[in-house]
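Engineer: Here it is, the structure, as structure tokens.
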Amino acid sequence: MARPLVNVPAKVKRGQAFEIKTLISHIMETGFRYTTTGERIPRDIITFFSCSYNGEEIFRADLYPAISANPFFTFFTTATESGTLEFKWTGDNGFAETATAKITVE
Amino acid sequence: MKQRNQGSTRREILIGSLAGGLVATFRISDVAATPEAMRSAIRQIVGTAQVRKGRVDLDVPPLVENGNTVSLVVSVDSPMTKTDYVKSIHVFNEKNPQPNVIGVHLGPRAGKAKIATRFRLADTQVITAIAEMSDGTFWSASAEMIVTMAACVEVL
């Protein structure tokens, strides 16, 4: 299983921008590689990643084969209310993974 | 007469081998994006709008030992308010099999227009990041990267 890792500060001040870090294990096979017998290895990548904060989308990314194995992202958002951050990854061969993180806004 | 015939066959063989060489080079370039492919990929995103240099900071290592994981940090100079913010950031390459690297969509809530990820490089090439602002303007930055061990197309 692809276990996602999410790093969010536990407490943030209202109105402050904070950093979110995510990492998910995935092979990200490009589809441009061949085996020694000359067969093309089919593409198997994550194509989409999104993050929503209390239901509102704050970050979205379209991934291409040029993204390294085990896709890693960091991005920022502004603290508004305490609540949950939801992360979603989808990709080839029906790949779907989610993660959540709690955030306390002071 | 006979000798002349022989001469022409040798010429034919030479021409044939030359043509074969040309076909071989085309096959190699078939799997790689070209600067033209990158330009058309950029056109698909920006349309007819003008792309200006500046406001975007592309932080990548100038010399890459392993093309399989290269750190990429893009930050855009923007106040990130409700009326003036970065809508999206797109990164393109010239010589990987495909010209696109990533497309990121932000909003005014981001607070800070800075993203980081890791990507692959198949060759020494120029990387371009383009940011779309909320007012519809496009800004870009480019960086030349030297790669000693390539990614993407190696045989297992």
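Residues in the structure tokens are named by chain (A, B, ... in the order shown) and by number from 1 within that chain; ligands are numbered from 1 in the order shown.
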Residues of chain A classed as strand (DSSP E) by DSSP on the backbone are to be reported as a PyMOL selection string.
Structural biologist: chain A and resi 4-7+11-12+17-24+46-53+56-63+72-78+83-91+95-105
Engineer: Keeping only C-alpha atoms, write those residues as a compact mmCIF listing (two decimals), in the first residue's frame.
Structural biologist:
```
# COMPACT_ATOMS: atom_id res chain seq x y z
CA PRO A 4 1.05 8.86 2.51
CA LEU A 5 2.97 11.08 4.91
CA VAL A 6 1.63 14.52 5.73
CA ASN A 7 3.38 17.15 7.83
CA LYS A 11 -1.01 24.95 16.03
CA VAL A 12 -0.91 28.11 13.92
CA ALA A 17 0.65 31.36 6.19
CA PHE A 18 1.95 27.92 7.11
CA GLU A 19 3.77 25.22 5.18
CA ILE A 20 2.30 21.81 4.35
CA LYS A 21 4.57 18.93 3.32
CA THR A 22 3.32 15.71 1.72
CA LEU A 23 5.04 12.54 0.56
CA ILE A 24 3.51 9.38 -0.89
CA ILE A 46 -0.08 9.57 -10.06
CA THR A 47 -1.78 12.14 -12.29
CA PHE A 48 -3.58 14.34 -9.79
CA PHE A 49 -3.09 15.67 -6.26
CA SER A 50 -5.33 18.04 -4.33
CA CYS A 51 -5.63 19.48 -0.85
CA SER A 52 -8.74 21.01 0.68
CA TYR A 53 -9.10 22.94 3.94
CA GLU A 56 -12.51 24.25 0.20
CA GLU A 57 -9.81 23.39 -2.33
CA ILE A 58 -6.59 25.27 -1.61
CA PHE A 59 -4.06 23.43 -3.78
CA ARG A 60 -4.26 21.27 -6.89
CA ALA A 61 -1.53 19.77 -9.06
CA ASP A 62 -1.44 17.91 -12.38
CA LEU A 63 1.46 15.46 -12.40
CA PHE A 72 6.88 15.05 -2.65
CA PHE A 73 5.18 18.43 -2.39
CA THR A 74 5.41 21.44 -0.17
CA PHE A 75 3.06 24.41 -0.42
CA PHE A 76 1.51 27.12 1.74
CA THR A 77 -1.92 28.11 2.95
CA THR A 78 -3.30 30.76 5.28
CA GLY A 83 -10.49 22.02 11.22
CA THR A 84 -9.25 19.34 8.86
CA LEU A 85 -7.03 19.28 5.84
CA GLU A 86 -7.91 16.61 3.30
CA PHE A 87 -5.38 15.28 0.82
CA LYS A 88 -6.23 13.24 -2.26
CA TRP A 89 -4.03 11.46 -4.79
CA THR A 90 -5.37 9.73 -7.92
CA GLY A 91 -3.57 8.08 -10.81
CA PHE A 95 -4.87 4.47 -7.95
CA ALA A 96 -6.59 6.47 -5.20
CA GLU A 97 -5.29 7.44 -1.78
CA THR A 98 -6.44 9.94 0.84
CA ALA A 99 -5.06 11.41 4.05
CA THR A 100 -6.31 13.90 6.62
CA ALA A 101 -4.64 16.18 9.13
CA LYS A 102 -6.07 18.24 11.99
CA ILE A 103 -5.12 21.86 12.43
CA THR A 104 -5.73 24.11 15.46
CA VAL A 105 -5.93 27.83 14.78
```
Engineer: Residues of chain B within 10 Å of chain A, counting only C-alpha atoms, what are they? List them as a ChimeraX atom specification.
Structural biologist: /B:31-32,67-73,88-90,92-93,96-122,151-156
Engineer: Store the residues picked out above, limited to N, CA and C atoms, as a short mmCIF file (atom, residue, chain, number, x, y, z; two decimals), in the first residue's frame.
Structural biologist:
```
data_model
loop_
_atom_site.label_atom_id
_atom_site.label_comp_id
_atom_site.auth_asym_id
_atom_site.auth_seq_id
_atom_site.Cartn_x
_atom_site.Cartn_y
_atom_site.Cartn_z
N VAL B 31 11.66 9.83 -29.09
CA VAL B 31 11.26 9.69 -27.69
C VAL B 31 11.54 10.95 -26.87
N ALA B 32 12.15 11.96 -27.48
CA ALA B 32 12.50 13.14 -26.70
C ALA B 32 11.69 14.35 -27.13
N GLY B 67 19.77 12.36 -12.35
CA GLY B 67 18.57 12.97 -12.94
C GLY B 67 17.27 12.39 -12.44
N ASN B 68 17.32 11.33 -11.62
CA ASN B 68 16.08 10.71 -11.16
C ASN B 68 15.35 11.52 -10.10
N THR B 69 16.08 12.21 -9.24
CA THR B 69 15.43 13.08 -8.25
C THR B 69 16.19 14.39 -8.19
N VAL B 70 15.53 15.43 -8.66
CA VAL B 70 16.11 16.76 -8.68
C VAL B 70 15.14 17.68 -7.94
N SER B 71 15.67 18.43 -6.98
CA SER B 71 14.76 19.30 -6.23
C SER B 71 14.39 20.52 -7.06
N LEU B 72 13.15 20.94 -6.94
CA LEU B 72 12.62 22.05 -7.72
C LEU B 72 11.81 22.94 -6.78
N VAL B 73 12.20 24.21 -6.67
CA VAL B 73 11.45 25.16 -5.84
C VAL B 73 11.09 26.35 -6.73
N SER B 88 -1.78 30.03 -11.21
CA SER B 88 -1.17 28.73 -11.47
C SER B 88 0.32 28.88 -11.79
N ILE B 89 1.02 27.79 -11.58
CA ILE B 89 2.45 27.72 -11.90
C ILE B 89 2.65 26.47 -12.76
N HIS B 90 3.29 26.63 -13.91
CA HIS B 90 3.57 25.48 -14.79
C HIS B 90 5.07 25.41 -15.03
N PHE B 92 8.12 23.54 -17.40
CA PHE B 92 8.35 22.84 -18.67
C PHE B 92 9.82 22.49 -18.83
N ASN B 93 10.08 21.43 -19.63
CA ASN B 93 11.45 21.06 -19.95
C ASN B 93 11.59 20.91 -21.45
N ASN B 96 13.19 16.10 -21.95
CA ASN B 96 12.62 14.86 -21.42
C ASN B 96 11.70 14.29 -22.50
N PRO B 97 11.21 13.04 -22.34
CA PRO B 97 10.29 12.51 -23.36
C PRO B 97 9.04 13.38 -23.55
N GLN B 98 8.59 14.04 -22.50
CA GLN B 98 7.42 14.92 -22.60
C GLN B 98 7.80 16.31 -22.09
N PRO B 99 7.22 17.36 -22.69
CA PRO B 99 7.64 18.72 -22.30
C PRO B 99 7.09 19.21 -20.95
N ASN B 100 6.01 18.59 -20.44
CA ASN B 100 5.43 19.07 -19.19
C ASN B 100 6.11 18.44 -17.99
N VAL B 101 6.27 19.20 -16.92
CA VAL B 101 6.79 18.65 -15.67
C VAL B 101 5.67 18.63 -14.63
N ILE B 102 5.06 19.78 -14.39
CA ILE B 102 3.97 19.86 -13.42
C ILE B 102 3.13 21.11 -13.69
N GLY B 103 1.87 21.02 -13.32
CA GLY B 103 0.97 22.18 -13.37
C GLY B 103 0.30 22.31 -12.02
N VAL B 104 0.50 23.46 -11.36
CA VAL B 104 -0.01 23.65 -10.00
C VAL B 104 -1.02 24.79 -10.00
N HIS B 105 -2.14 24.60 -9.30
CA HIS B 105 -3.16 25.64 -9.22
C HIS B 105 -3.25 26.14 -7.79
N LEU B 106 -3.06 27.44 -7.62
CA LEU B 106 -3.11 28.05 -6.30
C LEU B 106 -4.32 29.00 -6.25
N GLY B 107 -4.50 29.64 -5.11
CA GLY B 107 -5.56 30.62 -4.98
C GLY B 107 -5.13 31.70 -4.02
N PRO B 108 -5.99 32.70 -3.77
CA PRO B 108 -5.61 33.78 -2.85
C PRO B 108 -5.36 33.28 -1.43
N ARG B 109 -5.91 32.10 -1.09
CA ARG B 109 -5.74 31.59 0.28
C ARG B 109 -4.37 31.00 0.53
N ALA B 110 -3.57 30.84 -0.51
CA ALA B 110 -2.25 30.21 -0.32
C ALA B 110 -1.36 31.02 0.62
N GLY B 111 -1.53 32.34 0.64
CA GLY B 111 -0.74 33.17 1.54
C GLY B 111 0.67 33.44 1.04
N LYS B 112 1.26 32.46 0.42
CA LYS B 112 2.63 32.57 -0.07
C LYS B 112 2.71 31.72 -1.34
N ALA B 113 3.17 32.31 -2.43
CA ALA B 113 3.24 31.57 -3.69
C ALA B 113 4.58 30.87 -3.79
N LYS B 114 4.70 29.75 -3.10
CA LYS B 114 5.95 28.99 -3.14
C LYS B 114 5.62 27.51 -3.10
N ILE B 115 6.16 26.76 -4.05
CA ILE B 115 5.94 25.32 -4.07
C ILE B 115 7.28 24.61 -4.25
N ALA B 116 7.33 23.37 -3.77
CA ALA B 116 8.54 22.57 -3.95
C ALA B 116 8.15 21.15 -4.29
N THR B 117 8.92 20.51 -5.16
CA THR B 117 8.72 19.10 -5.47
C THR B 117 10.04 18.53 -5.98
N ARG B 118 10.00 17.29 -6.44
CA ARG B 118 11.21 16.67 -7.01
C ARG B 118 10.85 16.14 -8.39
N PHE B 119 11.75 16.31 -9.35
CA PHE B 119 11.43 15.86 -10.70
C PHE B 119 12.61 15.19 -11.38
N ARG B 120 12.34 14.68 -12.60
CA ARG B 120 13.34 13.91 -13.34
C ARG B 120 13.89 14.73 -14.51
N LEU B 121 15.17 14.48 -14.83
CA LEU B 121 15.78 15.13 -15.98
C LEU B 121 16.47 14.08 -16.84
N ALA B 122 16.13 14.07 -18.14
CA ALA B 122 16.71 13.07 -19.04
C ALA B 122 17.99 13.55 -19.70
N ALA B 151 17.74 10.35 -16.44
CA ALA B 151 16.61 9.54 -15.98
C ALA B 151 15.67 9.28 -17.15
N CYS B 152 14.57 8.64 -16.87
CA CYS B 152 13.40 8.48 -17.75
C CYS B 152 13.50 7.35 -18.76
N VAL B 153 14.57 7.25 -19.54
CA VAL B 153 14.54 6.34 -20.69
C VAL B 153 15.52 5.16 -20.58
N GLU B 154 16.17 5.00 -19.45
CA GLU B 154 17.16 3.94 -19.33
C GLU B 154 16.50 2.55 -19.42
N VAL B 155 17.29 1.58 -19.90
CA VAL B 155 16.80 0.20 -20.01
C VAL B 155 17.02 -0.49 -18.67
N LEU B 156 16.05 -1.29 -18.26
CA LEU B 156 16.17 -1.97 -16.97
C LEU B 156 17.12 -3.18 -17.07
#
```
Engineer: Could you state the separation of CA of Gly47 in chain B and CA of Glu94 in chain B in Å, given to one decimal place?
Structural biologist: 18.8 Å
Engineer: So how far away is CA of Gly55 in chain A from CA of Gly136 in chain B, in Å?
Structural biologist: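 The value is 26.6 Å.
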Engineer: Using only C-alpha atoms, determine which residues lie at most 8 Å from Arg52 in chain B, disregarding the query and same-chain residues fewer than 5 positions distant; provide the list as number ranges by chain.
Structural biologist: B: 138-140
Engineer: Store the residues picked out above in a file with C-alpha atoms, as an mmCIF file, in the first residue's frame.
Structural biologist:
```cif
data_model
loop_
_atom_site.group_PDB
_atom_site.id
_atom_site.type_symbol
_atom_site.label_atom_id
_atom_site.label_comp_id
_atom_site.auth_asym_id
_atom_site.auth_seq_id
_atom_site.Cartn_x
_atom_site.Cartn_y
_atom_site.Cartn_z
ATOM 1 C CA PHE B 138 2.165 35.507 -17.464
ATOM 2 C CA TRP B 139 5.658 35.700 -15.971
ATOM 3 C CA SER B 140 8.525 33.276 -16.423
#
```
Engineer: Just give me the gap between CA of Ala141 in chain B and CA of Asp123 in chain B in Å, one decimal is fine.
Structural biologist: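 Computed distance, CA of Ala141 in chain B to CA of Asp123 in chain B, equals 19.1 Å.
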Engineer: Restricting the calculation to only C-alpha atoms: of B:Ala131, B:Met38, B:Leu63, B:Leu58, which residue gets closest to Val86 in chain B?
Structural biologist: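 The answer is B:Ala131, which sits nearest to Val86 in chain B.
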Engineer: Got a sec: who's within 12 Å of Arg39 in chain B, counting only C-alpha atoms, leaving out chain neighbours fewer than 2 positions off, as number ranges by chain?
Structural biologist: B: 33-37, 41-47, 51, 91-95, 98-100, 127-128, 130
Engineer: What does the file look like for those residues with N, CA and C atoms, as a compact mmCIF listing (two decimals), in the first residue's frame?
Structural biologist:
```txt
# COMPACT_ATOMS: atom_id res chain seq x y z
N ALA B 33 11.28 15.15 -26.14
CA ALA B 33 10.66 16.42 -26.45
C ALA B 33 11.73 17.34 -27.02
N THR B 34 11.36 18.30 -27.79
CA THR B 34 12.30 19.25 -28.36
C THR B 34 11.95 20.64 -27.85
N PRO B 35 12.87 21.61 -28.01
CA PRO B 35 12.51 22.98 -27.63
C PRO B 35 11.21 23.44 -28.31
N GLU B 36 10.93 22.93 -29.54
CA GLU B 36 9.69 23.30 -30.23
C GLU B 36 8.49 22.70 -29.50
N ALA B 37 8.65 21.42 -29.05
CA ALA B 37 7.56 20.76 -28.31
C ALA B 37 7.28 21.53 -27.02
N ALA B 41 3.81 23.31 -25.97
CA ALA B 41 3.18 23.00 -24.68
C ALA B 41 2.91 24.28 -23.89
N ILE B 42 3.84 25.24 -23.98
CA ILE B 42 3.65 26.53 -23.30
C ILE B 42 2.49 27.27 -23.95
N ARG B 43 2.43 27.25 -25.29
CA ARG B 43 1.34 27.91 -26.02
C ARG B 43 -0.03 27.37 -25.58
N GLN B 44 -0.09 26.06 -25.32
CA GLN B 44 -1.36 25.46 -24.91
C GLN B 44 -1.83 26.02 -23.57
N ILE B 45 -0.90 26.43 -22.73
CA ILE B 45 -1.25 26.96 -21.42
C ILE B 45 -1.53 28.45 -21.51
N VAL B 46 -0.64 29.21 -22.17
CA VAL B 46 -0.77 30.67 -22.15
C VAL B 46 -1.64 31.20 -23.28
N GLY B 47 -1.90 30.40 -24.31
CA GLY B 47 -2.68 30.88 -25.45
C GLY B 47 -1.90 31.92 -26.22
N VAL B 51 4.36 36.26 -22.61
CA VAL B 51 5.02 35.79 -21.40
C VAL B 51 6.23 36.68 -21.14
N VAL B 91 5.59 24.17 -15.04
CA VAL B 91 7.02 23.98 -15.28
C VAL B 91 7.19 23.12 -16.53
N PHE B 92 8.12 23.54 -17.40
CA PHE B 92 8.35 22.84 -18.67
C PHE B 92 9.82 22.49 -18.83
N ASN B 93 10.08 21.43 -19.63
CA ASN B 93 11.45 21.06 -19.95
C ASN B 93 11.59 20.91 -21.45
N GLU B 94 12.84 20.90 -21.94
CA GLU B 94 13.09 20.81 -23.38
C GLU B 94 13.38 19.40 -23.87
N LYS B 95 13.99 18.57 -23.04
CA LYS B 95 14.55 17.33 -23.59
C LYS B 95 14.11 16.05 -22.89
N GLN B 98 8.59 14.04 -22.50
CA GLN B 98 7.42 14.92 -22.60
C GLN B 98 7.80 16.31 -22.09
N PRO B 99 7.22 17.36 -22.69
CA PRO B 99 7.64 18.72 -22.30
C PRO B 99 7.09 19.21 -20.95
N ASN B 100 6.01 18.59 -20.44
CA ASN B 100 5.43 19.07 -19.19
C ASN B 100 6.11 18.44 -17.99
N ILE B 127 15.19 24.56 -18.16
CA ILE B 127 13.89 24.38 -17.52
C ILE B 127 13.22 25.74 -17.43
N THR B 128 11.93 25.79 -17.71
CA THR B 128 11.20 27.06 -17.67
C THR B 128 9.99 26.93 -16.75
N ILE B 130 6.52 29.03 -15.54
CA ILE B 130 5.64 30.12 -15.94
C ILE B 130 4.54 30.27 -14.89
```
